[in-house]
Amino acid sequence: MNPDQPVALITGAGRGIGKALALAFADAGHAVAVNYGRSAEAAAEVVGSIVASGGVARAFGADVADPAQVDRLFSDVLAWSDQRLDVLVNNAGITRDALALRLSNEAWDEVLDTNLKGAFLCARSAIKPMMKRRSGCIMNMSSVVGLDGQAGQANYAASKAGLVGLTMALAKELGSRNIRVNAIAPGFIVSDMTETLDQAVRDALLQRLPLSRFGEPAEVADLCVFLATRAPYVTGQVIRVDGGLHL
Ligand code: NAP
């Protein structure tokens with residue numbers, strides 16, 4: 001690999017927003033480590049399309065909630081990239097929705113383990129290679145639900161709010177090493193995660209949205225590329241990409 005080429009690791013990059021992130025970082029000249037949990041075939045397709053356009057990418061399977069798998073993920077990615085890591089996007093995430101009264105311990109743990117602990121494990125592993133270069137950018141995919149709450153999503157909202165705290169703590173801890181840490185809070189973005197919304201909910205949301213449409217995964221990805229490549233004085237921010245949903 002060209003030692004001058006920046007390297008980005010995107011978790012959950014086989015589909016949805018993660019796929020758009022992988023394609024956008026490749027377009028911006030990064031070698032991309034495409035992490036996937038279950039979607040090996042989809043991740044291989046993402047890698048195939050990056051390579052077909054002249055880019056550099058490889059797929060790396062790992063469950064981000066499992067510390068041993070995250071250790072292996074980072075040792076494989078860093079061996080591939082010759083120990084270089086410029087960008088980490090903690091994008092992998094799940095929902096297990098239920099009203100709090102009926103929310104099971106398992107659904108709580110599964111969501112917190114994947115969305116919050118997974119991001120911490122990956123960020124912790126990214127710090128060393130970033131410190132060595134005295135440069136790095138970590139982005140945590142939070143959600144407007146982590147800022148505003150949502151009935152039926154106590155576990156998801158807590159995990160996404162937790163990512164905001166994690167972002168602020170790491171931004172303070174790592175700023176002196178020139179490692180920037182920010183959180184992104186998407187609103188309703190077209191993906192498998194929002195496909196499941198029923199039509200009545202969809203219509204009500206569209207009425208509330210000043211921009212009158214859901215967002216596209218590429219619109220989240222473009223912001224992340226901007227933060228990583230064009231925003232050297234931005235750290236410790238939570239940036240909403242929500243079409244004005246909060247207004
Ligand atoms: P999605 O289409 O459901 O994709 C979720 C991704 O997370 C998949 O690539 C999946 O990979 C990966 N993943 C899940 N568990 C994993 C694990 N244990 N280890 C590794 N990867 C794992 O969702 P999306 O809409 O693209 O969401 C991406 C991120 O944005 C999530 O963090 C989500 O909470 C956040 N977000 C989305 C929206 C929205 O409107 N879509 C809004 C706010 C925030 P595999 O299929 O390979 O398992």
# chains A, B, ... in the order shown; residues from 1 in each chain; ligands from 1

call {"tool": "select_by_dssp", "arguments": {"residues": "region 21-240 of chain A", "states": "alpha helix (DSSP H)", "output": "PDB file with C-alpha atoms, in the first residue's frame"}}
result
ATOM      1  CA  LEU A  21     -19.146   6.195   4.160  1.00  0.00           C
ATOM      2  CA  ALA A  22     -16.821   3.581   2.642  1.00  0.00           C
ATOM      3  CA  LEU A  23     -17.535   4.810  -0.897  1.00  0.00           C
ATOM      4  CA  ALA A  24     -17.163   8.490   0.062  1.00  0.00           C
ATOM      5  CA  PHE A  25     -13.843   7.996   1.888  1.00  0.00           C
ATOM      6  CA  ALA A  26     -12.526   5.951  -1.056  1.00  0.00           C
ATOM      7  CA  ASP A  27     -13.614   8.753  -3.397  1.00  0.00           C
ATOM      8  CA  ALA A  40     -19.901 -10.610   4.344  1.00  0.00           C
ATOM      9  CA  GLU A  41     -21.270 -10.672   0.800  1.00  0.00           C
ATOM     10  CA  ALA A  42     -22.426  -7.058   0.911  1.00  0.00           C
ATOM     11  CA  ALA A  43     -19.037  -5.963   2.280  1.00  0.00           C
ATOM     12  CA  ALA A  44     -17.267  -7.840  -0.542  1.00  0.00           C
ATOM     13  CA  GLU A  45     -19.437  -5.939  -3.024  1.00  0.00           C
ATOM     14  CA  VAL A  46     -18.483  -2.602  -1.466  1.00  0.00           C
ATOM     15  CA  VAL A  47     -14.810  -3.556  -1.693  1.00  0.00           C
ATOM     16  CA  GLY A  48     -15.336  -4.712  -5.305  1.00  0.00           C
ATOM     17  CA  SER A  49     -16.856  -1.417  -6.347  1.00  0.00           C
ATOM     18  CA  ILE A  50     -14.084   0.637  -4.690  1.00  0.00           C
ATOM     19  CA  VAL A  51     -11.377  -1.471  -6.314  1.00  0.00           C
ATOM     20  CA  ALA A  52     -13.166  -1.315  -9.704  1.00  0.00           C
ATOM     21  CA  PRO A  67     -13.510  -7.371  22.666  1.00  0.00           C
ATOM     22  CA  ALA A  68     -11.504 -10.306  21.271  1.00  0.00           C
ATOM     23  CA  GLN A  69     -12.902  -9.748  17.773  1.00  0.00           C
ATOM     24  CA  VAL A  70     -12.143  -6.015  17.976  1.00  0.00           C
ATOM     25  CA  ASP A  71      -8.540  -6.805  18.996  1.00  0.00           C
ATOM     26  CA  ARG A  72      -8.228  -9.096  15.980  1.00  0.00           C
ATOM     27  CA  LEU A  73      -9.905  -6.529  13.711  1.00  0.00           C
ATOM     28  CA  PHE A  74      -7.350  -3.860  14.629  1.00  0.00           C
ATOM     29  CA  SER A  75      -4.364  -6.154  14.386  1.00  0.00           C
ATOM     30  CA  ASP A  76      -5.524  -7.295  10.891  1.00  0.00           C
ATOM     31  CA  VAL A  77      -6.334  -3.773   9.685  1.00  0.00           C
ATOM     32  CA  LEU A  78      -3.054  -2.327  10.974  1.00  0.00           C
ATOM     33  CA  ALA A  79      -1.040  -5.175   9.432  1.00  0.00           C
ATOM     34  CA  TRP A  80      -2.775  -4.424   6.102  1.00  0.00           C
ATOM     35  CA  ASN A 105     -32.494  -7.283  29.714  1.00  0.00           C
ATOM     36  CA  GLU A 106     -31.210  -8.962  26.557  1.00  0.00           C
ATOM     37  CA  ALA A 107     -32.476  -6.180  24.279  1.00  0.00           C
ATOM     38  CA  TRP A 108     -30.903  -3.597  26.594  1.00  0.00           C
ATOM     39  CA  ASP A 109     -27.518  -5.363  26.686  1.00  0.00           C
ATOM     40  CA  GLU A 110     -27.409  -6.170  22.985  1.00  0.00           C
ATOM     41  CA  VAL A 111     -28.004  -2.552  21.951  1.00  0.00           C
ATOM     42  CA  LEU A 112     -25.658  -1.025  24.545  1.00  0.00           C
ATOM     43  CA  GLY A 118     -18.408  -1.391  20.450  1.00  0.00           C
ATOM     44  CA  ALA A 119     -17.565   2.247  19.734  1.00  0.00           C
ATOM     45  CA  PHE A 120     -15.445   2.480  22.885  1.00  0.00           C
ATOM     46  CA  LEU A 121     -13.541  -0.729  22.058  1.00  0.00           C
ATOM     47  CA  CYS A 122     -12.779   0.494  18.534  1.00  0.00           C
ATOM     48  CA  ALA A 123     -11.831   4.005  19.660  1.00  0.00           C
ATOM     49  CA  ARG A 124      -9.498   2.592  22.327  1.00  0.00           C
ATOM     50  CA  SER A 125      -7.751   0.451  19.714  1.00  0.00           C
ATOM     51  CA  ALA A 126      -7.479   3.391  17.295  1.00  0.00           C
ATOM     52  CA  ILE A 127      -5.738   5.699  19.779  1.00  0.00           C
ATOM     53  CA  LYS A 128      -2.263   4.111  19.630  1.00  0.00           C
ATOM     54  CA  PRO A 129      -1.723   4.216  15.849  1.00  0.00           C
ATOM     55  CA  MET A 130      -3.232   7.721  15.737  1.00  0.00           C
ATOM     56  CA  MET A 131      -0.989   8.936  18.594  1.00  0.00           C
ATOM     57  CA  LYS A 132       2.077   7.619  16.778  1.00  0.00           C
ATOM     58  CA  ARG A 133       1.282   9.880  13.821  1.00  0.00           C
ATOM     59  CA  VAL A 144     -31.137  12.657  17.092  1.00  0.00           C
ATOM     60  CA  VAL A 145     -32.773  10.019  19.302  1.00  0.00           C
ATOM     61  CA  GLY A 146     -29.752  10.250  21.623  1.00  0.00           C
ATOM     62  CA  LEU A 147     -30.356  13.997  21.997  1.00  0.00           C
ATOM     63  CA  ASP A 148     -34.149  14.182  22.022  1.00  0.00           C
ATOM     64  CA  ALA A 154     -34.935   3.620  25.733  1.00  0.00           C
ATOM     65  CA  ASN A 155     -32.013   1.275  24.998  1.00  0.00           C
ATOM     66  CA  TYR A 156     -31.153   2.865  21.639  1.00  0.00           C
ATOM     67  CA  ALA A 157     -31.529   6.433  22.964  1.00  0.00           C
ATOM     68  CA  ALA A 158     -29.312   5.640  25.973  1.00  0.00           C
ATOM     69  CA  SER A 159     -26.648   4.112  23.714  1.00  0.00           C
ATOM     70  CA  LYS A 160     -26.688   7.112  21.369  1.00  0.00           C
ATOM     71  CA  ALA A 161     -26.618   9.609  24.265  1.00  0.00           C
ATOM     72  CA  GLY A 162     -23.728   7.595  25.710  1.00  0.00           C
ATOM     73  CA  LEU A 163     -21.847   8.119  22.459  1.00  0.00           C
ATOM     74  CA  VAL A 164     -22.125  11.881  22.968  1.00  0.00           C
ATOM     75  CA  GLY A 165     -20.475  11.578  26.413  1.00  0.00           C
ATOM     76  CA  LEU A 166     -17.827   9.258  24.998  1.00  0.00           C
ATOM     77  CA  THR A 167     -17.153  11.767  22.219  1.00  0.00           C
ATOM     78  CA  MET A 168     -16.707  14.685  24.624  1.00  0.00           C
ATOM     79  CA  ALA A 169     -14.444  12.732  26.998  1.00  0.00           C
ATOM     80  CA  LEU A 170     -12.218  11.479  24.177  1.00  0.00           C
ATOM     81  CA  ALA A 171     -12.102  14.910  22.523  1.00  0.00           C
ATOM     82  CA  LYS A 172     -10.735  16.361  25.792  1.00  0.00           C
ATOM     83  CA  GLU A 173      -8.371  13.455  26.400  1.00  0.00           C
ATOM     84  CA  LEU A 174      -6.903  13.279  22.901  1.00  0.00           C
ATOM     85  CA  ASP A 192     -32.766  -0.744   6.125  1.00  0.00           C
ATOM     86  CA  MET A 193     -33.177   0.745   9.620  1.00  0.00           C
ATOM     87  CA  THR A 194     -35.863   3.232   8.455  1.00  0.00           C
ATOM     88  CA  GLU A 195     -37.465   0.854   5.892  1.00  0.00           C
ATOM     89  CA  GLN A 199     -46.595   4.509   6.265  1.00  0.00           C
ATOM     90  CA  ALA A 200     -48.530   6.555   8.851  1.00  0.00           C
ATOM     91  CA  VAL A 201     -45.338   7.248  10.846  1.00  0.00           C
ATOM     92  CA  ARG A 202     -43.515   8.103   7.616  1.00  0.00           C
ATOM     93  CA  ASP A 203     -46.199  10.587   6.540  1.00  0.00           C
ATOM     94  CA  ALA A 204     -46.287  12.256   9.969  1.00  0.00           C
ATOM     95  CA  LEU A 205     -42.501  12.631   9.922  1.00  0.00           C
ATOM     96  CA  LEU A 206     -42.438  14.091   6.439  1.00  0.00           C
ATOM     97  CA  GLN A 207     -44.950  16.708   7.561  1.00  0.00           C
ATOM     98  CA  ARG A 208     -42.712  17.710  10.467  1.00  0.00           C
ATOM     99  CA  PRO A 217     -26.784   8.008   3.341  1.00  0.00           C
ATOM    100  CA  ALA A 218     -24.376   9.941   1.102  1.00  0.00           C
ATOM    101  CA  GLU A 219     -25.421  13.187   2.809  1.00  0.00           C
ATOM    102  CA  VAL A 220     -24.202  11.815   6.144  1.00  0.00           C
ATOM    103  CA  ALA A 221     -21.044  10.417   4.537  1.00  0.00           C
ATOM    104  CA  ASP A 222     -20.138  13.729   2.892  1.00  0.00           C
ATOM    105  CA  LEU A 223     -20.260  15.488   6.264  1.00  0.00           C
ATOM    106  CA  CYS A 224     -17.901  12.867   7.734  1.00  0.00           C
ATOM    107  CA  VAL A 225     -15.429  13.295   4.870  1.00  0.00           C
ATOM    108  CA  PHE A 226     -15.573  17.057   5.431  1.00  0.00           C
ATOM    109  CA  LEU A 227     -14.919  16.630   9.170  1.00  0.00           C
ATOM    110  CA  ALA A 228     -11.995  14.298   8.513  1.00  0.00           C
ATOM    111  CA  THR A 229     -10.331  16.253   5.723  1.00  0.00           C
ATOM    112  CA  ARG A 230     -11.381  19.911   5.883  1.00  0.00           C
TER     113      ARG A 230
END

call {"tool": "residues_around", "arguments": {"residues": "Gln5 (chain A)", "least_positions_apart": "3", "cutoff": "7 Å", "atoms": "only C-alpha atoms", "output": "number ranges by chain"}}
result
A: 2, 30-31

call {"tool": "residues_near_ligand", "arguments": {"ligand": "ligand 1", "cutoff": "6 Å", "atoms": "only C-alpha atoms and all ligand atoms", "output": "PyMOL selection string"}}
result
chain A and resi 11-18+36-39+62-65+91-94+114+141-143+186-194

call {"tool": "closest_residue", "arguments": {"among": "A:Val241, A:Val234, A:Ala185, A:Leu85", "to": "Leu209 (chain A)", "atoms": "only C-alpha atoms"}}
result
A:Val241

call {"tool": "atom_distance", "arguments": {"atom1": "CA of Arg177 (chain A)", "atom2": "CA of Ser135 (chain A)"}}
result
6.8 Å

call {"tool": "select_by_dssp", "arguments": {"residues": "region 18-240 of chain A", "states": "strand (DSSP E or B)", "output": "ChimeraX atom specification"}}
result
/A:31-36,57-61,87-90,98,136-141,153,179-186,189,215,238-240

call {"tool": "atom_distance", "arguments": {"atom1": "CA of Arg240 (chain A)", "atom2": "CA of Asn90 (chain A)"}}
result
16.0 Å

call {"tool": "closest_residue", "arguments": {"among": "A:Gly61, A:Gly215, A:Gly152, A:Gly55", "to": "Ile10 (chain A)", "atoms": "only C-alpha atoms"}}
result
A:Gly61
